[in-house]
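So this block is work-v8.tsv, TSV, C-alpha atoms and all ligand atoms:
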```tsv
chain	number	residue	atom	x	y	z
A	12	MET	CA	-61.88	-64.40	7.60
A	13	ASP	CA	-59.95	-66.89	5.45
A	14	CYS	CA	-59.06	-64.42	2.70
A	15	ILE	CA	-55.33	-64.38	1.96
A	16	PHE	CA	-55.38	-60.79	0.73
A	17	CYS	CA	-57.07	-59.68	3.99
A	18	LYS	CA	-54.27	-61.52	5.80
A	19	ILE	CA	-51.72	-59.62	3.70
A	20	VAL	CA	-53.49	-56.34	4.56
A	21	LYS	CA	-53.35	-57.20	8.28
A	22	GLY	CA	-49.71	-58.22	8.05
A	23	ASP	CA	-50.51	-61.83	8.99
A	24	LEU	CA	-49.01	-62.94	5.66
A	25	PRO	CA	-45.91	-61.39	4.10
A	26	SER	CA	-45.99	-59.43	0.85
A	27	THR	CA	-43.63	-57.30	-1.18
A	28	LYS	CA	-45.38	-53.94	-1.09
A	29	VAL	CA	-44.93	-51.24	-3.69
A	30	TYR	CA	-47.61	-48.83	-2.44
A	31	GLU	CA	-49.79	-48.40	0.64
A	32	ASP	CA	-52.19	-45.83	1.98
A	33	LYS	CA	-55.20	-45.91	4.33
A	34	ARG	CA	-57.52	-47.59	1.81
A	35	PHE	CA	-55.33	-49.36	-0.73
A	36	LEU	CA	-52.40	-51.71	-1.03
A	37	ALA	CA	-50.31	-52.74	-4.04
A	38	PHE	CA	-47.83	-55.62	-3.93
A	39	LEU	CA	-45.94	-57.96	-6.26
A	40	ASP	CA	-47.78	-61.03	-7.50
A	41	LEU	CA	-46.08	-64.14	-6.11
A	42	ASN	CA	-46.28	-65.89	-9.51
A	43	PRO	CA	-45.80	-63.06	-11.98
A	44	ILE	CA	-46.87	-63.35	-15.61
A	45	ASN	CA	-43.90	-61.05	-16.23
A	46	LYS	CA	-41.55	-59.78	-13.52
A	47	GLY	CA	-42.94	-56.60	-11.96
A	48	HIS	CA	-46.55	-57.89	-12.16
A	49	VAL	CA	-48.43	-55.96	-9.46
A	50	LEU	CA	-51.75	-56.58	-7.70
A	51	VAL	CA	-53.72	-53.55	-6.51
A	52	ILE	CA	-56.41	-54.05	-3.87
A	53	PRO	CA	-58.69	-52.05	-1.61
A	54	LYS	CA	-57.95	-52.93	2.03
A	55	ASP	CA	-61.65	-53.57	2.67
A	56	HIS	CA	-62.83	-56.96	1.55
A	57	HIS	CA	-65.12	-57.00	-1.50
A	58	ASN	CA	-65.47	-60.23	-3.47
A	59	THR	CA	-65.51	-58.94	-7.02
A	60	PHE	CA	-65.31	-55.70	-8.96
A	61	LEU	CA	-69.12	-55.63	-9.19
A	62	ASN	CA	-69.44	-55.87	-5.40
A	63	THR	CA	-67.05	-52.98	-4.86
A	64	PRO	CA	-68.72	-49.62	-4.13
A	65	VAL	CA	-68.53	-47.23	-7.09
A	66	ASP	CA	-66.59	-44.48	-5.29
A	67	LEU	CA	-64.00	-46.96	-4.06
A	68	SER	CA	-63.76	-48.46	-7.55
A	69	LYS	CA	-63.10	-45.02	-9.04
A	70	ASP	CA	-60.29	-44.33	-6.58
A	71	LEU	CA	-58.89	-47.81	-7.13
A	72	LEU	CA	-58.79	-47.19	-10.86
A	73	ALA	CA	-57.16	-43.78	-10.32
A	74	LEU	CA	-54.47	-45.49	-8.26
A	75	VAL	CA	-53.96	-48.08	-11.00
A	76	LYS	CA	-53.38	-45.19	-13.41
A	77	THR	CA	-50.65	-43.85	-11.12
A	78	LEU	CA	-49.02	-47.22	-10.57
A	79	ALA	CA	-49.04	-48.57	-14.14
A	80	PRO	CA	-46.40	-46.17	-15.56
A	81	ALA	CA	-44.11	-46.95	-12.60
A	82	VAL	CA	-44.56	-50.68	-13.20
A	83	MET	CA	-43.68	-50.17	-16.87
A	84	THR	CA	-40.60	-48.07	-16.07
A	85	ALA	CA	-39.34	-50.58	-13.49
A	86	SER	CA	-39.91	-53.53	-15.82
A	87	GLY	CA	-38.59	-51.92	-18.99
A	88	ALA	CA	-42.03	-52.60	-20.48
A	89	ASN	CA	-43.54	-51.03	-23.58
A	90	GLY	CA	-47.10	-51.68	-22.47
A	91	PHE	CA	-49.19	-53.40	-19.83
A	92	ASN	CA	-52.33	-55.47	-19.48
A	93	LEU	CA	-54.92	-54.46	-16.93
A	94	LEU	CA	-56.85	-57.49	-15.78
A	95	VAL	CA	-59.63	-58.13	-13.28
A	96	ASN	CA	-60.88	-61.70	-13.08
A	97	ASN	CA	-64.45	-61.81	-11.80
A	98	GLY	CA	-65.79	-65.16	-10.63
A	99	LYS	CA	-64.34	-68.66	-10.68
A	100	THR	CA	-65.39	-69.22	-14.32
A	101	ALA	CA	-63.27	-66.21	-15.28
A	102	GLY	CA	-60.26	-67.59	-13.42
A	103	GLN	CA	-60.62	-65.64	-10.17
A	104	LEU	CA	-58.68	-67.59	-7.56
A	105	VAL	CA	-58.65	-65.04	-4.75
A	106	ASP	CA	-62.10	-63.72	-3.81
A	107	HIS	CA	-60.88	-60.25	-2.84
A	108	VAL	CA	-61.17	-57.78	-5.71
A	109	HIS	CA	-57.80	-57.04	-7.31
A	110	PHE	CA	-56.45	-55.39	-10.43
A	111	HIS	CA	-53.52	-57.09	-12.11
A	112	ILE	CA	-51.03	-54.69	-13.70
A	113	ILE	CA	-49.02	-56.95	-16.02
A	114	PRO	CA	-46.02	-55.33	-17.70
A	115	ARG	CA	-45.60	-56.38	-21.32
A	116	LEU	CA	-42.32	-56.66	-23.14
A	117	LYS	CA	-41.62	-56.96	-26.82
A	118	ASP	CA	-41.22	-60.67	-27.66
A	119	ASP	CA	-42.44	-61.88	-24.24
A	120	ASN	CA	-44.30	-64.61	-26.12
A	121	LEU	CA	-47.61	-64.03	-24.37
A	122	HIS	CA	-50.49	-64.20	-26.78
A	123	HIS	CA	-53.98	-62.78	-26.83
A	124	TRP	CA	-56.96	-65.03	-26.31
A	125	PRO	CA	-58.12	-66.50	-29.60
A	126	GLY	CA	-61.17	-64.73	-31.04
A	127	LYS	CA	-64.42	-66.47	-32.00
A	128	GLN	CA	-66.62	-65.69	-34.97
A	129	TYR	CA	-70.28	-64.63	-34.95
A	130	LEU	CA	-72.56	-66.58	-37.26
A	131	ASP	CA	-75.40	-65.08	-39.32
A	132	ASN	CA	-77.33	-62.55	-37.19
A	133	GLU	CA	-75.73	-63.47	-33.85
A	134	MET	CA	-74.02	-60.10	-33.47
A	135	GLU	CA	-77.35	-58.29	-33.74
A	136	LEU	CA	-78.89	-60.83	-31.35
A	137	PHE	CA	-76.22	-60.34	-28.68
A	138	SER	CA	-76.38	-56.56	-28.88
A	139	LYS	CA	-80.18	-56.71	-28.43
A	140	LYS	CA	-79.84	-59.05	-25.43
A	141	ILE	CA	-77.30	-56.76	-23.77
A	142	ILE	CA	-79.40	-53.65	-24.41
A	143	LYS	CA	-82.44	-55.46	-22.95
A	144	ALA	CA	-80.46	-56.55	-19.88
A	145	LEU	CA	-79.42	-52.91	-19.34
A	146	GLU	CA	-83.08	-51.88	-19.19
A	147	LYS	CA	-83.75	-54.07	-16.13
B	1	LIG	P1	-56.80	-64.20	-9.71
B	1	LIG	O1	-56.72	-65.47	-10.50
B	1	LIG	O2	-57.65	-64.36	-8.47
B	1	LIG	O3	-57.18	-63.03	-10.54
B	1	LIG	O4	-55.32	-63.89	-9.27
B	1	LIG	C1	-54.81	-64.13	-8.00
B	1	LIG	C2	-53.34	-63.80	-8.06
B	1	LIG	O5	-52.84	-63.77	-6.74
B	1	LIG	C3	-52.49	-64.84	-8.82
B	1	LIG	O6	-51.84	-64.20	-9.90
B	1	LIG	C4	-51.53	-65.37	-7.78
B	1	LIG	O7	-50.24	-65.58	-8.29
B	1	LIG	C5	-51.55	-64.29	-6.72
B	1	LIG	N1	-51.34	-64.78	-5.36
B	1	LIG	C6	-51.98	-65.83	-4.77
B	1	LIG	N2	-51.58	-65.95	-3.49
B	1	LIG	C7	-50.69	-64.96	-3.26
B	1	LIG	C8	-49.92	-64.57	-2.11
B	1	LIG	O8	-50.01	-65.14	-1.03
B	1	LIG	N3	-49.11	-63.48	-2.26
B	1	LIG	C9	-49.00	-62.81	-3.45
B	1	LIG	N4	-48.17	-61.76	-3.48
B	1	LIG	N5	-49.71	-63.14	-4.54
B	1	LIG	C10	-50.54	-64.21	-4.45
B	2	ZN	ZN	-60.17	-60.19	1.66
```
Render the structure in this file as structure tokens.
Ligand code: 5GP
Ligand code: ZN
Amino acid sequence: MDCIFCKIVKGDLPSTKVYEDKRFLAFLDLNPINKGHVLVIPKDHHNTFLNTPVDLSKDLLALVKTLAPAVMTASGANGFNLLVNNGKTAGQLVDHVHFHIIPRLKDDNLHHWPGKQYLDNEMELFSKKIIKALEK
């Protein structure tokens, strides 16, 4: 397997770990958005969040809830962004599901994505399409 996060799990690649148990690993992102930026992964390889079994996802999220306050304390942050990129189009570079915990500081100069505007009845249209897709 070519996956770099699997290599980190196996110890074939180095990482700066902040948490480890039988099923999960959390380590510092090599190129942090802010210092203290942590990646949380299941040790088993699953490509995306959608491919990750529900029970494992729930426990992963519970772990994220434990880790996030510690990340904030360590970074002197007032908040954090929780991010999961799914698929290349969404900016996923490593195909092993991971949660980013990104500590946020006042005046860190990171901005939200710009919002778009719905035209005419587009909002209604999109809600109907999503509701229909849920029925499948
Ligand atoms: P993605 O774009 O897939 O959501 O994010 C992948 C993240 O993994 C990036 O933020 C990147 O900096 C981080 N990363 C990539 N390779 C390594 C590595 O070998 N070690 C660590 N600690 N982080 C990595
Ligand atoms: Zn992997």
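Straight-line separation from atom O3 of ligand LIG 1 (chain B) to CA of Ile142 in chain A: 27.8 Å.
From CA of Lys33 in chain A back to CA of Phe110 in chain A, the distance works out to 17.6 Å.
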| remark: Across A:Leu104, A:Val65, A:Ala37, A:Val82, the smallest distance to Pro53 in chain A, with all atoms listed in the file counted, is shown by A:Ala37
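You will find CA of Phe91 in chain A at 16.9 Å from atom C1 of ligand LIG 1 (chain B).
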| request: Could you give me the residues within 6 Å of ligand LIG 1 (chain B), counting all atoms listed in the file, as a VMD selection string? | output: chain A and resid 26 39 to 42 96 102 to 105
Would you mind exporting the chosen residues as a compact mmCIF listing (two decimals), keeping the file's coordinate frame, restricted to C-alpha atoms?
```txt
# COMPACT_ATOMS: atom_id res chain seq x y z
CA SER A 26 -45.99 -59.43 0.85
CA LEU A 39 -45.94 -57.96 -6.26
CA ASP A 40 -47.78 -61.03 -7.50
CA LEU A 41 -46.08 -64.14 -6.11
CA ASN A 42 -46.28 -65.89 -9.51
CA ASN A 96 -60.88 -61.70 -13.08
CA GLY A 102 -60.26 -67.59 -13.42
CA GLN A 103 -60.62 -65.64 -10.17
CA LEU A 104 -58.68 -67.59 -7.56
CA VAL A 105 -58.65 -65.04 -4.75
```
Determine, using only C-alpha atoms and all ligand atoms, which residues of chain A have any atom at most 9 Å from an atom of ligand ZN 2 (chain B), and tabulate each with its shortest atom pair and distance in Å to one decimal place, rows ordered by chain and then rising number, as JSON lines.
```
{"residue": "A:Met12", "atom": "CA", "partner": "B:ZN2", "partner_atom": "ZN", "distance": 7.5}
{"residue": "A:Asp13", "atom": "CA", "partner": "B:ZN2", "partner_atom": "ZN", "distance": 7.7}
{"residue": "A:Cys14", "atom": "CA", "partner": "B:ZN2", "partner_atom": "ZN", "distance": 4.5}
{"residue": "A:Ile15", "atom": "CA", "partner": "B:ZN2", "partner_atom": "ZN", "distance": 6.4}
{"residue": "A:Phe16", "atom": "CA", "partner": "B:ZN2", "partner_atom": "ZN", "distance": 4.9}
{"residue": "A:Cys17", "atom": "CA", "partner": "B:ZN2", "partner_atom": "ZN", "distance": 3.9}
{"residue": "A:Lys18", "atom": "CA", "partner": "B:ZN2", "partner_atom": "ZN", "distance": 7.3}
{"residue": "A:Ile19", "atom": "CA", "partner": "B:ZN2", "partner_atom": "ZN", "distance": 8.7}
{"residue": "A:Val20", "atom": "CA", "partner": "B:ZN2", "partner_atom": "ZN", "distance": 8.2}
{"residue": "A:Pro53", "atom": "CA", "partner": "B:ZN2", "partner_atom": "ZN", "distance": 8.9}
{"residue": "A:Lys54", "atom": "CA", "partner": "B:ZN2", "partner_atom": "ZN", "distance": 7.6}
{"residue": "A:Asp55", "atom": "CA", "partner": "B:ZN2", "partner_atom": "ZN", "distance": 6.9}
{"residue": "A:His56", "atom": "CA", "partner": "B:ZN2", "partner_atom": "ZN", "distance": 4.2}
{"residue": "A:His57", "atom": "CA", "partner": "B:ZN2", "partner_atom": "ZN", "distance": 6.7}
{"residue": "A:Asn58", "atom": "CA", "partner": "B:ZN2", "partner_atom": "ZN", "distance": 7.4}
{"residue": "A:Val105", "atom": "CA", "partner": "B:ZN2", "partner_atom": "ZN", "distance": 8.2}
{"residue": "A:Asp106", "atom": "CA", "partner": "B:ZN2", "partner_atom": "ZN", "distance": 6.8}
{"residue": "A:His107", "atom": "CA", "partner": "B:ZN2", "partner_atom": "ZN", "distance": 4.6}
{"residue": "A:Val108", "atom": "CA", "partner": "B:ZN2", "partner_atom": "ZN", "distance": 7.8}
```
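Near Lys46 in chain A, within a cut-off of 8 Å and counting only C-alpha atoms, sit the residues A:Pro43, A:Ser86, A:Pro114, with same-chain residues fewer than 3 positions away left out.
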Around all of range 82-93 of chain A's listed atoms, make the axis-aligned box with 6 Å on each side and tell me centre and edge lengths in Å to one decimal, as AutoDock Vina command-line options.
```
--center_x -46.8 --center_y -51.8 --center_z -18.4 --size_x 28.3 --size_y 19.4 --size_z 22.4
```
So which residues touch Phe38 in chain A within 10 Å, counting only C-alpha atoms, skipping near sequence neighbours fewer than 5 positions away, as a short mmCIF file (atom, residue, chain, number, x, y, z; two decimals) with C-alpha atoms, in the coordinates of the input?
```
data_model
loop_
_atom_site.label_atom_id
_atom_site.label_comp_id
_atom_site.auth_asym_id
_atom_site.auth_seq_id
_atom_site.Cartn_x
_atom_site.Cartn_y
_atom_site.Cartn_z
CA ILE A 19 -51.72 -59.62 3.70
CA SER A 26 -45.99 -59.43 0.85
CA THR A 27 -43.63 -57.30 -1.18
CA LYS A 28 -45.38 -53.94 -1.09
CA VAL A 29 -44.93 -51.24 -3.69
CA TYR A 30 -47.61 -48.83 -2.44
CA GLU A 31 -49.79 -48.40 0.64
CA GLY A 47 -42.94 -56.60 -11.96
CA HIS A 48 -46.55 -57.89 -12.16
CA VAL A 49 -48.43 -55.96 -9.46
CA LEU A 50 -51.75 -56.58 -7.70
CA VAL A 51 -53.72 -53.55 -6.51
CA ILE A 52 -56.41 -54.05 -3.87
#
```
| remark: With distances taken over all atoms listed in the file, the candidate from A:Leu121, A:Leu36, A:Ala101, A:Leu116 nearest Thr84 in chain A is A:Leu116
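Among the candidates A:Arg34, A:Leu94, A:Ile112, A:Leu67, the residue lying nearest to Ala81 in chain A is A:Ile112 (atoms considered: only C-alpha atoms).
With distances restricted to only C-alpha atoms, A:Asn120 is the closest residue to Ile44 in chain A from A:Asn120, A:Ala79, A:Pro64, A:Asn89.
The shortest atom-to-atom distance to Val95 in chain A, with all atoms listed in the file taken into account, belongs to A:Leu72 out of A:Met83, A:Ile141, A:Leu72, A:Leu24.
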